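Participant: The structure that follows is given in the form of structure tokens.
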Amino acid sequence: MRLAAAVTAALLAGGFLAACGGAGGANGSITLYNGQHPQTTQALVSAFEQKTGISVSVRDNDEDVFANQLVAEGSHSPADVIYTENSPPLEFLESKSLLAPVLPATLARVPVRFSSPAARWVGVSARVSVTIYNTDQLRRAQLPTSVLGLADPKWRGKLALAPNETDFQPIVTSVIAAYGVATARRWLLAVKANASGHTYPDNETLVSAVNNGQAALGMINQYYWYRLRVVDGAAGMHSALAYFRPGDPGYVLDVSGAAVLASSTHQADAQRFVAFLVSPQGQAIIAHSDSFEYPVAIGQGATPVGEIPLSQLQPNPISVGELGDGAAALALLQQVQLL
Amino acid sequence: MTTTVEVRRPPLGNRSAPGRPRGRRRRPRVLLALAAAVAAILLLPLVFLIVEAVQDGWSTLSPILFRRLTATLLVNTVSLTVVVTALCALIGTLVAWCVERTDLPGRRIWAVLVVVPLGIPDFAVAFGWKSVFPSVGGFGGAVLVMTFAVYPLVYLPVAASLRSADPGQEEVARSLGVGRLHTFWRVTLGQARLAILGGSVLVALVVLAEYGAFEILGFRTFTTEIFSEYLTAFNAPAGCALELILVLLSVAVLFGEGALRGRGRATRTGPMAARLARRHQLGRARVPALAGFGLLVALSLGVPLGAVGYWLFQSADSTLPSASLGSAAWHTAFYGASAALVATAAALPVALLSVRWPGRSTMAIERSTYLVLAMPGLVIALALTFFSNNLANGFLYQTPYLLIGAYAIMFFPLALVAVRSSVARAPVSYEELGRSLGRPRLQVLWAVTLPLIAPGLAAAFCLVFLEAVTELTATLVLIPTNAQTLATQFLIFQNNLAYHQAAPYAALMILVAAVPSVVLGRWFDRMPGAPVPG
């Protein structure tokens, strides 16, 4: 009995201490819901803390869990800033009126096409969708120059797909916008058949599967390949990237963005953090980190090591507004039972 | 021999009139209130589901509920649940019988090894299988991975019940000329029936709600679809509506178990005075039995452990920041142990009420608490997020208390099964004897009942602890900001293909989970009435 009481007391005390642990520094503190890759965010947060003295508490989770969590939290959310890999969760939060307007000075640093049309979130970095192929199994000349070519029956059993991933929907949205729902549906059904037995839960696994020869080719955002190269080393790479022809619907820029929550009680500090992300210092960190994303701020010429500069890419000109929250793509993905 | 105690009803019969049937005694109000409160808390997620599902109206839900995909997934989920549950019942019972009732060599070591799989997170198990056998997947793959991951849920309660069941009954049956096999079927399995059924229900509900493993294996079930609606489609109402169908399925499972449970009671009158059981000689069956155990452990432990070992030797290069193993281990153990204490304590009133005062209302209270097991962790976490922020101004949100509460809610049914089956075996006559001596109810509970059901309480604690240690999706939503558990940190590394960095976290998680398994096995061995070898 005494033991049980002592154990309970110790547990309660521990819990209390842990509960109080999060209180911030003298210069204020903010809470960041981080749906971006931790390696990108960590460096940005450290630099921001050093520069401003504002401490940042970081929660890591999937951006789509955060979107649902923020809706459930409602006006009492402890979050001040949300930072995501893709625009659809931000568009969804905007549709629920949960985002505060981004300061005009912050928005002015980034080309309009990379930010929220309603000025509720700002684009921070970008990636581009490409084909990854196994260099032991395929030559570049054999690859399709359009995303539509992936529906060719010759890729049956060779194509890898991660249909659950948020990176795939923008491609579907883009195909719908270019060719209409009926064509997109036929294309998706053929892609599904080709990828039978090679669907993967996430992009990291997909890249790894193509690299080690389990599948011959797949669609990813370019940065997963560069990260795998850091982990496996150049000698471990048995794959390469190929771009679709200029303007192809499969050649899509995905924007990562950040927003201040309308419910935040630290509006000024939260806005400062979002501004920092698109400042020259923040953008330089993104360009030189192991993130391998393109910084998007105006006048920010830095390109991640070894990549084609953003200015030389020729993606499909679909805007983040047109990508929206991806509802049409999702409906189609569900219809063909990929989701 | 078994001692018999003459049952005397309390002489001062203001609470229970002599001659009235046992089940009709008046239920103690405090116990009823406590049990009802526990059930009410456990039904909170269900309230959330209904609130969310109806907000958009029927017309938006019906196309999702009645499309062909829903039917396909229903078939997937139901057939998977049936096959895995049957396999787990078979393997779990056989293993428990071999460990508890035969002279199987090395049984103490086996007893630990067959529990440890519970301590390996589902996503790590599936990932291990996928790394070792890349072609694993589909229905067969899902059956394989799930069976080896969750059969301990049957093994544990069955082993506990065989250990404390009266071996004299078997001997009486044998001496009356009943055959060996028939005795096993009628008496041994009869004694363990409640535990087998209870364990099977747990398996069925856990399989219904499983997500992480199926996502990795690429097998689509109702639960993976619920996650798609929630996470990819941002369509919480549709996700909740689909989840309600899953809840209906689990109600069917519970009714099924209720029908099979029957009315028999398997008590022994005196665990302290019982004669020690003789172990069955395996004889020539020893070699195949050992081979079977070897295979079981190789598949259920060897595959995930092999993957962890392999990862340790992978490239140490990573694009991720490093993290603190010690802090993650402390958080994991602290949250897990606290949740196990809370869930076990909460299970006690529900178990006592449902066993000692059976009836429609107590049955309803008890059964309703199982539903929570068929709800994915994410749904429970979002429900608590919703209630804590919208009804309580964010009180306790993202503090250890709410996370511990969430674990206790999620794994309460595991605690209940363990406590309940031990309460069912503890003879009510001792409690009545205590009360007839004029002791107050609470003192009888403390001095008589608790020691009798201690093994069940310990098993409950360990079960909840094992599951909480590996929990991931609710943890990510509710954990205090800046804290990490072994599971969350493992996931960060694994998600980014940093296997070398992930491996120590997986290894430590398995080690943390092995501790209660060892303690439980040791403690059982020292208990009076434990069978001795030979």
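Chain labels follow the order of the structure tokens: the first chain is A, the next B, and so on; residue numbering restarts at 1 in every chain, and ligands are counted from 1 in their shown order.
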Report as an NGL selection string all protein, DNA and RNA residues lying within 10 Å of Ser87 in chain A, evaluated on only C-alpha atoms, omitting residues in the same chain fewer than 6 positions from it.
Facilitator: :A and (63 or 114-116 or 121-123 or 166 or 170 or 254-258 or 320-321 or 323-326)
Participant: With N, CA and C atoms kept, could you save the residues just selected as an mmCIF file, in the first residue's frame?
Facilitator:
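Dumped everything to part-v9.cif:
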data_model
loop_
_atom_site.group_PDB
_atom_site.id
_atom_site.type_symbol
_atom_site.label_atom_id
_atom_site.label_comp_id
_atom_site.auth_asym_id
_atom_site.auth_seq_id
_atom_site.Cartn_x
_atom_site.Cartn_y
_atom_site.Cartn_z
ATOM 1 N N GLU A 63 1.626 16.237 -41.937
ATOM 2 C CA GLU A 63 0.868 17.482 -42.128
ATOM 3 C C GLU A 63 -0.639 17.235 -42.155
ATOM 4 N N PHE A 114 3.477 31.367 -55.780
ATOM 5 C CA PHE A 114 3.853 30.344 -54.806
ATOM 6 C C PHE A 114 3.086 30.452 -53.494
ATOM 7 N N SER A 115 2.246 31.497 -53.324
ATOM 8 C CA SER A 115 1.578 31.694 -52.039
ATOM 9 C C SER A 115 0.069 31.566 -52.166
ATOM 10 N N SER A 116 -0.572 31.600 -51.013
ATOM 11 C CA SER A 116 -2.025 31.493 -50.951
ATOM 12 C C SER A 116 -2.687 32.620 -51.722
ATOM 13 N N TRP A 121 -1.384 32.063 -46.377
ATOM 14 C CA TRP A 121 -0.124 31.337 -46.127
ATOM 15 C C TRP A 121 0.893 31.731 -47.177
ATOM 16 N N VAL A 122 2.160 31.553 -46.840
ATOM 17 C CA VAL A 122 3.211 31.975 -47.755
ATOM 18 C C VAL A 122 4.029 30.757 -48.196
ATOM 19 N N GLY A 123 4.385 30.726 -49.491
ATOM 20 C CA GLY A 123 5.225 29.645 -49.986
ATOM 21 C C GLY A 123 6.651 29.817 -49.485
ATOM 22 N N THR A 166 0.913 12.590 -50.265
ATOM 23 C CA THR A 166 0.371 13.880 -50.669
ATOM 24 C C THR A 166 1.042 14.406 -51.936
ATOM 25 N N PRO A 170 -1.234 16.202 -56.434
ATOM 26 C CA PRO A 170 -1.101 17.353 -57.343
ATOM 27 C C PRO A 170 -0.927 16.915 -58.797
ATOM 28 N N ASP A 254 5.568 21.506 -56.528
ATOM 29 C CA ASP A 254 4.834 21.434 -55.265
ATOM 30 C C ASP A 254 5.431 22.445 -54.305
ATOM 31 N N VAL A 255 4.548 23.204 -53.673
ATOM 32 C CA VAL A 255 5.042 24.256 -52.788
ATOM 33 C C VAL A 255 4.835 23.870 -51.339
ATOM 34 N N SER A 256 5.880 24.082 -50.559
ATOM 35 C CA SER A 256 5.810 23.925 -49.121
ATOM 36 C C SER A 256 5.555 25.298 -48.531
ATOM 37 N N GLY A 257 4.650 25.399 -47.561
ATOM 38 C CA GLY A 257 4.313 26.727 -47.058
ATOM 39 C C GLY A 257 4.128 26.780 -45.557
ATOM 40 N N ALA A 258 3.942 27.996 -45.060
ATOM 41 C CA ALA A 258 3.749 28.186 -43.625
ATOM 42 C C ALA A 258 2.649 29.213 -43.391
ATOM 43 N N VAL A 320 -0.912 27.211 -57.367
ATOM 44 C CA VAL A 320 -1.321 26.559 -56.114
ATOM 45 C C VAL A 320 -2.816 26.712 -55.885
ATOM 46 N N GLY A 321 -3.360 27.838 -56.387
ATOM 47 C CA GLY A 321 -4.793 28.031 -56.255
ATOM 48 C C GLY A 321 -5.561 26.969 -57.035
ATOM 49 N N LEU A 323 -4.370 24.039 -57.795
ATOM 50 C CA LEU A 323 -4.155 22.755 -57.109
ATOM 51 C C LEU A 323 -5.134 22.610 -55.944
ATOM 52 N N GLY A 324 -5.455 23.735 -55.295
ATOM 53 C CA GLY A 324 -6.465 23.781 -54.247
ATOM 54 C C GLY A 324 -6.223 22.772 -53.145
ATOM 55 N N ASP A 325 -7.315 22.201 -52.588
ATOM 56 C CA ASP A 325 -7.138 21.184 -51.560
ATOM 57 C C ASP A 325 -7.193 19.786 -52.172
ATOM 58 N N GLY A 326 -7.170 19.710 -53.493
ATOM 59 C CA GLY A 326 -7.036 18.415 -54.163
ATOM 60 C C GLY A 326 -8.287 17.556 -54.135
#
Participant: Each residue of chain B lying at most 8 Å from chain A should get a row with its shortest atom-to-atom pair and the distance in Å to one decimal, counting only C-alpha atoms; could you produce that, ordered by chain and increasing number, as a Markdown table?
Facilitator:
| residue | atom | partner | partner_atom | distance |
| --- | --- | --- | --- | --- |
| B:Leu69 | CA | A:Gln337 | CA | 6.7 |
| B:Glu215 | CA | A:Pro201 | CA | 5.9 |
| B:Ile216 | CA | A:Pro201 | CA | 5.5 |
| B:Gly218 | CA | A:Thr199 | CA | 6.7 |
| B:Glu225 | CA | A:Leu339 | CA | 6.9 |
| B:Ser228 | CA | A:Leu339 | CA | 6.3 |
| B:Tyr230 | CA | A:Asn68 | CA | 7.3 |
| B:Leu231 | CA | A:Asp64 | CA | 5.0 |
| B:Thr232 | CA | A:Asp64 | CA | 6.7 |
| B:Ala233 | CA | A:Leu330 | CA | 6.1 |
| B:Phe234 | CA | A:Asn68 | CA | 7.0 |
| B:Ala236 | CA | A:Asn68 | CA | 7.6 |
| B:Ser315 | CA | A:Asp232 | CA | 6.7 |
| B:Ala316 | CA | A:Val231 | CA | 7.7 |
| B:Asp317 | CA | A:Val231 | CA | 5.0 |
| B:Ser318 | CA | A:Val231 | CA | 5.2 |
| B:Thr319 | CA | A:Asp290 | CA | 5.8 |
| B:Leu320 | CA | A:Gln39 | CA | 5.1 |
| B:Pro321 | CA | A:Gln39 | CA | 6.4 |
| B:Phe334 | CA | A:Leu11 | CA | 7.4 |
| B:Ser338 | CA | A:Leu11 | CA | 6.9 |
| B:Leu382 | CA | A:Gln69 | CA | 6.3 |
| B:Ala383 | CA | A:Ala72 | CA | 7.8 |
| B:Thr385 | CA | A:Glu73 | CA | 6.0 |
| B:Phe386 | CA | A:Ala72 | CA | 4.7 |
| B:Asn389 | CA | A:Glu73 | CA | 5.4 |
| B:Asn390 | CA | A:Glu73 | CA | 7.1 |
| B:Asn393 | CA | A:His76 | CA | 6.3 |
| B:Gly394 | CA | A:His76 | CA | 6.0 |
| B:Thr399 | CA | A:Ala19 | CA | 5.2 |
| B:Pro400 | CA | A:Gly15 | CA | 5.7 |
| B:Tyr401 | CA | A:Gly15 | CA | 6.9 |
| B:Leu476 | CA | A:Asn61 | CA | 6.4 |
| B:Val477 | CA | A:Gln69 | CA | 7.3 |
| B:Pro480 | CA | A:Ala19 | CA | 7.2 |
| B:Thr481 | CA | A:Arg59 | CA | 5.6 |
| B:Asn482 | CA | A:Val58 | CA | 6.2 |
| B:Asn495 | CA | A:Glu204 | CA | 7.1 |
| B:Asn496 | CA | A:Glu204 | CA | 6.6 |
| B:Leu497 | CA | A:Glu204 | CA | 6.7 |
| B:Ala498 | CA | A:Val231 | CA | 7.6 |
Participant: Check range 136-184 of chain A with DSSP on the backbone and list each residue it calls helix (DSSP H, G or I), as a list in words.
Facilitator: Arg140, Ala141, Gln142, Val147, Leu148, Gly149, Leu150, Ala151, Pro153, Lys154, Trp155, Phe168, Gln169, Pro170, Ile171, Val172, Thr173, Ser174, Val175, Ile176, Ala177, Ala178, Tyr179, Val181, Ala182, Thr183 and Ala184 of chain A
Participant: Could you check how far CA of Ala204 in chain B sits from CA of Leu373 in chain B, in Å to one decimal?
Facilitator: 9.4 Å
Participant: Which residues come within 9 Å of Leu156 in chain B, counting only C-alpha atoms, excluding same-chain residues fewer than 5 positions away, as a list of chain:residue names?
Facilitator: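 The contact residues come out as B:Gly92, B:Ala96, B:Val115, B:Tyr151, B:Ser161, B:Ala195, B:Gly199, B:Ala418, B:Ala459, B:Leu463.
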Participant: Could you save the residues just selected, with N, CA and C atoms, as a PDB file, in the first residue's frame?
Facilitator:
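The new file part.pdb reads:
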ATOM      1  N   GLY B  92      -2.209 -19.562 -29.387  1.00  0.00           N
ATOM      2  CA  GLY B  92      -2.114 -19.063 -28.020  1.00  0.00           C
ATOM      3  C   GLY B  92      -2.458 -20.124 -26.991  1.00  0.00           C
ATOM      4  N   ALA B  96       0.155 -21.934 -24.420  1.00  0.00           N
ATOM      5  CA  ALA B  96      -0.089 -21.798 -22.986  1.00  0.00           C
ATOM      6  C   ALA B  96      -0.134 -23.164 -22.312  1.00  0.00           C
ATOM      7  N   VAL B 115       5.922 -13.913 -25.106  1.00  0.00           N
ATOM      8  CA  VAL B 115       5.187 -12.691 -24.779  1.00  0.00           C
ATOM      9  C   VAL B 115       5.801 -11.474 -25.472  1.00  0.00           C
ATOM     10  N   TYR B 151      -0.774 -13.055 -31.234  1.00  0.00           N
ATOM     11  CA  TYR B 151      -1.204 -14.280 -30.530  1.00  0.00           C
ATOM     12  C   TYR B 151      -0.951 -14.226 -29.012  1.00  0.00           C
ATOM     13  N   SER B 161      -4.856 -18.429 -16.611  1.00  0.00           N
ATOM     14  CA  SER B 161      -5.996 -19.188 -16.117  1.00  0.00           C
ATOM     15  C   SER B 161      -5.616 -20.653 -15.908  1.00  0.00           C
ATOM     16  N   ALA B 195     -10.940 -17.439 -20.659  1.00  0.00           N
ATOM     17  CA  ALA B 195      -9.701 -16.758 -21.048  1.00  0.00           C
ATOM     18  C   ALA B 195      -9.485 -16.838 -22.557  1.00  0.00           C
ATOM     19  N   GLY B 199      -9.403 -13.559 -24.783  1.00  0.00           N
ATOM     20  CA  GLY B 199      -8.225 -13.264 -25.599  1.00  0.00           C
ATOM     21  C   GLY B 199      -8.584 -13.134 -27.066  1.00  0.00           C
ATOM     22  N   ALA B 418      -7.977  -9.448 -18.371  1.00  0.00           N
ATOM     23  CA  ALA B 418      -7.087 -10.103 -17.415  1.00  0.00           C
ATOM     24  C   ALA B 418      -7.678 -10.075 -16.005  1.00  0.00           C
ATOM     25  N   ALA B 459      -1.084  -9.279 -14.643  1.00  0.00           N
ATOM     26  CA  ALA B 459      -1.185  -9.518 -16.093  1.00  0.00           C
ATOM     27  C   ALA B 459      -1.787  -8.300 -16.779  1.00  0.00           C
ATOM     28  N   LEU B 463       0.037  -6.185 -19.730  1.00  0.00           N
ATOM     29  CA  LEU B 463      -0.568  -6.092 -21.062  1.00  0.00           C
ATOM     30  C   LEU B 463      -0.682  -4.639 -21.509  1.00  0.00           C
TER      31      LEU B 463
END
Participant: Between A:Thr131, A:Asn27, A:Thr145, A:Gln283, which residue has the minimum interatomic distance to Val207 in chain A, considering only C-alpha atoms?
Facilitator: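 Smallest distance to Val207 in chain A is found for A:Thr131.
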Participant: Can you pull out the residues contacting range 467-469 of chain B? Cut-off 9 Å, using only C-alpha atoms, and skip same-chain residues under 2 positions away; I want them as a PDB file with N, CA and C atoms, in the first residue's frame.
Facilitator:
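result.pdb written:
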ATOM      1  N   LEU B 118       4.533  -8.905 -28.271  1.00  0.00           N
ATOM      2  CA  LEU B 118       3.601  -7.809 -27.983  1.00  0.00           C
ATOM      3  C   LEU B 118       4.335  -6.485 -27.846  1.00  0.00           C
ATOM      4  N   GLY B 119       5.600  -6.541 -27.473  1.00  0.00           N
ATOM      5  CA  GLY B 119       6.353  -5.319 -27.233  1.00  0.00           C
ATOM      6  C   GLY B 119       6.980  -4.751 -28.488  1.00  0.00           C
ATOM      7  N   ILE B 120       6.775  -5.406 -29.612  1.00  0.00           N
ATOM      8  CA  ILE B 120       7.332  -4.882 -30.863  1.00  0.00           C
ATOM      9  C   ILE B 120       6.225  -4.175 -31.610  1.00  0.00           C
ATOM     10  N   PRO B 121       6.423  -2.903 -31.940  1.00  0.00           N
ATOM     11  CA  PRO B 121       5.339  -2.159 -32.572  1.00  0.00           C
ATOM     12  C   PRO B 121       4.942  -2.761 -33.920  1.00  0.00           C
ATOM     13  N   THR B 332       8.837   6.869 -22.395  1.00  0.00           N
ATOM     14  CA  THR B 332       8.105   5.660 -22.757  1.00  0.00           C
ATOM     15  C   THR B 332       7.706   4.867 -21.516  1.00  0.00           C
ATOM     16  N   ALA B 333       8.690   4.641 -20.629  1.00  0.00           N
ATOM     17  CA  ALA B 333       8.424   3.834 -19.434  1.00  0.00           C
ATOM     18  C   ALA B 333       7.452   4.543 -18.497  1.00  0.00           C
ATOM     19  N   TYR B 335       5.113   6.992 -19.180  1.00  0.00           N
ATOM     20  CA  TYR B 335       3.740   7.029 -19.706  1.00  0.00           C
ATOM     21  C   TYR B 335       3.118   5.638 -19.665  1.00  0.00           C
ATOM     22  N   GLY B 336       3.895   4.642 -20.069  1.00  0.00           N
ATOM     23  CA  GLY B 336       3.368   3.280 -20.138  1.00  0.00           C
ATOM     24  C   GLY B 336       2.975   2.752 -18.762  1.00  0.00           C
ATOM     25  N   ALA B 337       3.869   2.941 -17.769  1.00  0.00           N
ATOM     26  CA  ALA B 337       3.598   2.415 -16.432  1.00  0.00           C
ATOM     27  C   ALA B 337       2.407   3.145 -15.802  1.00  0.00           C
ATOM     28  N   ALA B 339      -0.103   4.597 -17.340  1.00  0.00           N
ATOM     29  CA  ALA B 339      -1.327   4.174 -18.016  1.00  0.00           C
ATOM     30  C   ALA B 339      -1.725   2.774 -17.545  1.00  0.00           C
ATOM     31  N   ALA B 340      -0.735   1.908 -17.348  1.00  0.00           N
ATOM     32  CA  ALA B 340      -1.033   0.551 -16.911  1.00  0.00           C
ATOM     33  C   ALA B 340      -1.661   0.560 -15.524  1.00  0.00           C
ATOM     34  N   ILE B 404      -1.589   9.822 -20.871  1.00  0.00           N
ATOM     35  CA  ILE B 404      -1.731   8.625 -20.039  1.00  0.00           C
ATOM     36  C   ILE B 404      -3.192   8.182 -20.031  1.00  0.00           C
ATOM     37  N   TYR B 407      -3.967   6.444 -23.327  1.00  0.00           N
ATOM     38  CA  TYR B 407      -3.474   5.059 -23.313  1.00  0.00           C
ATOM     39  C   TYR B 407      -4.405   4.179 -22.475  1.00  0.00           C
ATOM     40  N   ALA B 408      -4.766   4.690 -21.283  1.00  0.00           N
ATOM     41  CA  ALA B 408      -5.604   3.887 -20.378  1.00  0.00           C
ATOM     42  C   ALA B 408      -6.942   3.570 -21.044  1.00  0.00           C
ATOM     43  N   MET B 410      -7.511   3.504 -24.393  1.00  0.00           N
ATOM     44  CA  MET B 410      -7.300   2.632 -25.552  1.00  0.00           C
ATOM     45  C   MET B 410      -7.104   1.177 -25.152  1.00  0.00           C
ATOM     46  N   PHE B 411      -6.366   0.956 -24.048  1.00  0.00           N
ATOM     47  CA  PHE B 411      -6.001  -0.417 -23.713  1.00  0.00           C
ATOM     48  C   PHE B 411      -6.758  -0.952 -22.509  1.00  0.00           C
ATOM     49  N   CYS B 462       0.817  -5.566 -17.083  1.00  0.00           N
ATOM     50  CA  CYS B 462       1.829  -5.859 -18.100  1.00  0.00           C
ATOM     51  C   CYS B 462       1.266  -5.706 -19.517  1.00  0.00           C
ATOM     52  N   LEU B 463       0.037  -6.185 -19.730  1.00  0.00           N
ATOM     53  CA  LEU B 463      -0.568  -6.092 -21.062  1.00  0.00           C
ATOM     54  C   LEU B 463      -0.682  -4.639 -21.509  1.00  0.00           C
ATOM     55  N   VAL B 464      -1.221  -3.795 -20.624  1.00  0.00           N
ATOM     56  CA  VAL B 464      -1.405  -2.391 -20.987  1.00  0.00           C
ATOM     57  C   VAL B 464      -0.050  -1.733 -21.208  1.00  0.00           C
ATOM     58  N   PHE B 465       0.897  -2.056 -20.338  1.00  0.00           N
ATOM     59  CA  PHE B 465       2.226  -1.484 -20.464  1.00  0.00           C
ATOM     60  C   PHE B 465       2.843  -1.831 -21.821  1.00  0.00           C
ATOM     61  N   GLU B 471       2.702   2.301 -28.718  1.00  0.00           N
ATOM     62  CA  GLU B 471       1.657   3.116 -29.351  1.00  0.00           C
ATOM     63  C   GLU B 471       2.283   4.303 -30.094  1.00  0.00           C
ATOM     64  N   LEU B 472       1.690   4.643 -31.218  1.00  0.00           N
ATOM     65  CA  LEU B 472       2.304   5.698 -32.020  1.00  0.00           C
ATOM     66  C   LEU B 472       1.349   6.823 -32.416  1.00  0.00           C
ATOM     67  N   THR B 485       8.833   9.670 -27.427  1.00  0.00           N
ATOM     68  CA  THR B 485       8.927   8.320 -26.882  1.00  0.00           C
ATOM     69  C   THR B 485       9.812   7.520 -27.826  1.00  0.00           C
ATOM     70  N   LEU B 486      10.128   6.294 -27.420  1.00  0.00           N
ATOM     71  CA  LEU B 486      10.952   5.444 -28.284  1.00  0.00           C
ATOM     72  C   LEU B 486      10.253   5.249 -29.623  1.00  0.00           C
ATOM     73  N   ALA B 487       8.929   5.074 -29.576  1.00  0.00           N
ATOM     74  CA  ALA B 487       8.188   4.800 -30.811  1.00  0.00           C
ATOM     75  C   ALA B 487       8.183   6.014 -31.737  1.00  0.00           C
ATOM     76  N   MET B 509      13.026  -0.550 -27.277  1.00  0.00           N
ATOM     77  CA  MET B 509      11.582  -0.748 -27.113  1.00  0.00           C
ATOM     78  C   MET B 509      11.297  -2.213 -26.796  1.00  0.00           C
ATOM     79  N   VAL B 512      12.520  -2.872 -23.219  1.00  0.00           N
ATOM     80  CA  VAL B 512      11.584  -2.328 -22.228  1.00  0.00           C
ATOM     81  C   VAL B 512      10.373  -3.253 -22.112  1.00  0.00           C
ATOM     82  N   ALA B 513       9.929  -3.786 -23.257  1.00  0.00           N
ATOM     83  CA  ALA B 513       8.754  -4.650 -23.255  1.00  0.00           C
ATOM     84  C   ALA B 513       9.081  -6.011 -22.667  1.00  0.00           C
TER      85      ALA B 513
END
Participant: In Å, how far is it from CA of Leu511 in chain B to CA of Ser421 in chain B?
Facilitator: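 CA of Ser421 in chain B lies at a distance of 27.9 Å from CA of Leu511 in chain B.
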Participant: Point out the residue among B:Val201, B:Leu384, B:Val30, B:Ala209 with the least atom-to-atom distance to Thr475 in chain B, counting only C-alpha atoms.
Facilitator: B:Leu384
Participant: Quick one, how far is CA of Val207 in chain B from CA of Leu478 in chain B?
Facilitator: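 Rounded to one decimal, the two atoms are 23.1 Å apart.
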Participant: Give me the residues near Ala507 in chain B as a CSV table (one decimal) with N, CA and C atoms, in the first residue's frame, where near means some atom within 12 Å (using only C-alpha atoms) and where sequence neighbours in that chain fewer than 5 positions away do not count.
Facilitator:
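Below is the file selection-v4.csv, written as the result:
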chain,number,residue,atom,x,y,z
B,116,VAL,N,7.1,-11.5,-25.6
B,116,VAL,CA,7.8,-10.3,-26.1
B,116,VAL,C,7.3,-9.8,-27.5
B,119,GLY,N,5.6,-6.5,-27.5
B,119,GLY,CA,6.4,-5.3,-27.2
B,119,GLY,C,7.0,-4.8,-28.5
B,120,ILE,N,6.8,-5.4,-29.6
B,120,ILE,CA,7.3,-4.9,-30.9
B,120,ILE,C,6.2,-4.2,-31.6
B,121,PRO,N,6.4,-2.9,-31.9
B,121,PRO,CA,5.3,-2.2,-32.6
B,121,PRO,C,4.9,-2.8,-33.9
B,124,ALA,N,6.9,-1.8,-36.9
B,124,ALA,CA,8.3,-2.4,-36.9
B,124,ALA,C,8.2,-3.8,-37.4
B,301,LEU,N,9.6,-13.4,-33.4
B,301,LEU,CA,10.7,-12.5,-32.8
B,301,LEU,C,11.8,-12.4,-33.7
B,304,PRO,N,11.5,-9.6,-36.8
B,304,PRO,CA,11.7,-8.2,-36.5
B,304,PRO,C,13.1,-7.9,-35.8
B,305,LEU,N,13.5,-8.9,-35.0
B,305,LEU,CA,14.8,-8.7,-34.4
B,305,LEU,C,16.0,-8.7,-35.4
B,306,GLY,N,15.8,-9.6,-36.3
B,306,GLY,CA,16.8,-9.7,-37.4
B,306,GLY,C,16.9,-8.4,-38.2
B,307,ALA,N,15.7,-7.8,-38.4
B,307,ALA,CA,15.7,-6.6,-39.2
B,307,ALA,C,16.4,-5.5,-38.3
B,308,VAL,N,16.2,-5.5,-37.0
B,308,VAL,CA,16.8,-4.5,-36.2
B,308,VAL,C,18.3,-4.7,-36.2
B,309,GLY,N,18.8,-5.9,-36.1
B,309,GLY,CA,20.2,-6.2,-36.2
B,309,GLY,C,20.8,-5.8,-37.5
B,310,TYR,N,20.1,-6.0,-38.6
B,310,TYR,CA,20.5,-5.7,-39.9
B,310,TYR,C,20.7,-4.2,-40.0
B,311,TRP,N,19.7,-3.4,-39.5
B,311,TRP,CA,19.7,-2.0,-39.6
B,311,TRP,C,20.9,-1.4,-38.9
B,312,LEU,N,21.3,-2.1,-37.7
B,312,LEU,CA,22.4,-1.5,-37.0
B,312,LEU,C,23.7,-1.5,-37.8
B,325,LEU,N,18.3,9.0,-26.6
B,325,LEU,CA,17.8,7.7,-26.4
B,325,LEU,C,17.2,7.6,-24.9
B,329,ALA,N,13.5,6.8,-23.7
B,329,ALA,CA,13.2,5.6,-22.9
B,329,ALA,C,12.4,6.0,-21.6
B,470,THR,N,4.4,0.7,-27.3
B,470,THR,CA,4.6,0.7,-28.8
B,470,THR,C,3.6,1.6,-29.5
B,486,LEU,N,10.1,6.3,-27.4
B,486,LEU,CA,11.0,5.4,-28.3
B,486,LEU,C,10.3,5.2,-29.6
B,487,ALA,N,8.9,5.1,-29.6
B,487,ALA,CA,8.2,4.8,-30.8
B,487,ALA,C,8.2,6.0,-31.7
B,490,PHE,N,11.6,6.5,-33.2
B,490,PHE,CA,11.9,5.4,-34.1
B,490,PHE,C,11.3,5.8,-35.5
B,499,TYR,N,17.9,4.0,-41.0
B,499,TYR,CA,17.7,2.7,-40.2
B,499,TYR,C,18.7,2.5,-39.2
B,500,HIS,N,20.0,3.0,-39.4
B,500,HIS,CA,21.0,2.8,-38.5
B,500,HIS,C,20.7,3.5,-37.2
B,501,GLN,N,20.1,4.7,-37.3
B,501,GLN,CA,19.7,5.5,-36.1
B,501,GLN,C,18.4,5.0,-35.5
B,502,ALA,N,17.6,4.4,-36.3
B,502,ALA,CA,16.3,3.9,-35.8
B,502,ALA,C,16.5,2.6,-35.0
B,512,VAL,N,12.5,-2.9,-23.2
B,512,VAL,CA,11.6,-2.3,-22.2
B,512,VAL,C,10.4,-3.3,-22.1
B,513,ALA,N,9.9,-3.8,-23.3
B,513,ALA,CA,8.8,-4.7,-23.3
B,513,ALA,C,9.1,-6.0,-22.7
B,514,ALA,N,10.3,-6.4,-22.8
B,514,ALA,CA,10.7,-7.7,-22.2
B,514,ALA,C,10.7,-7.7,-20.7
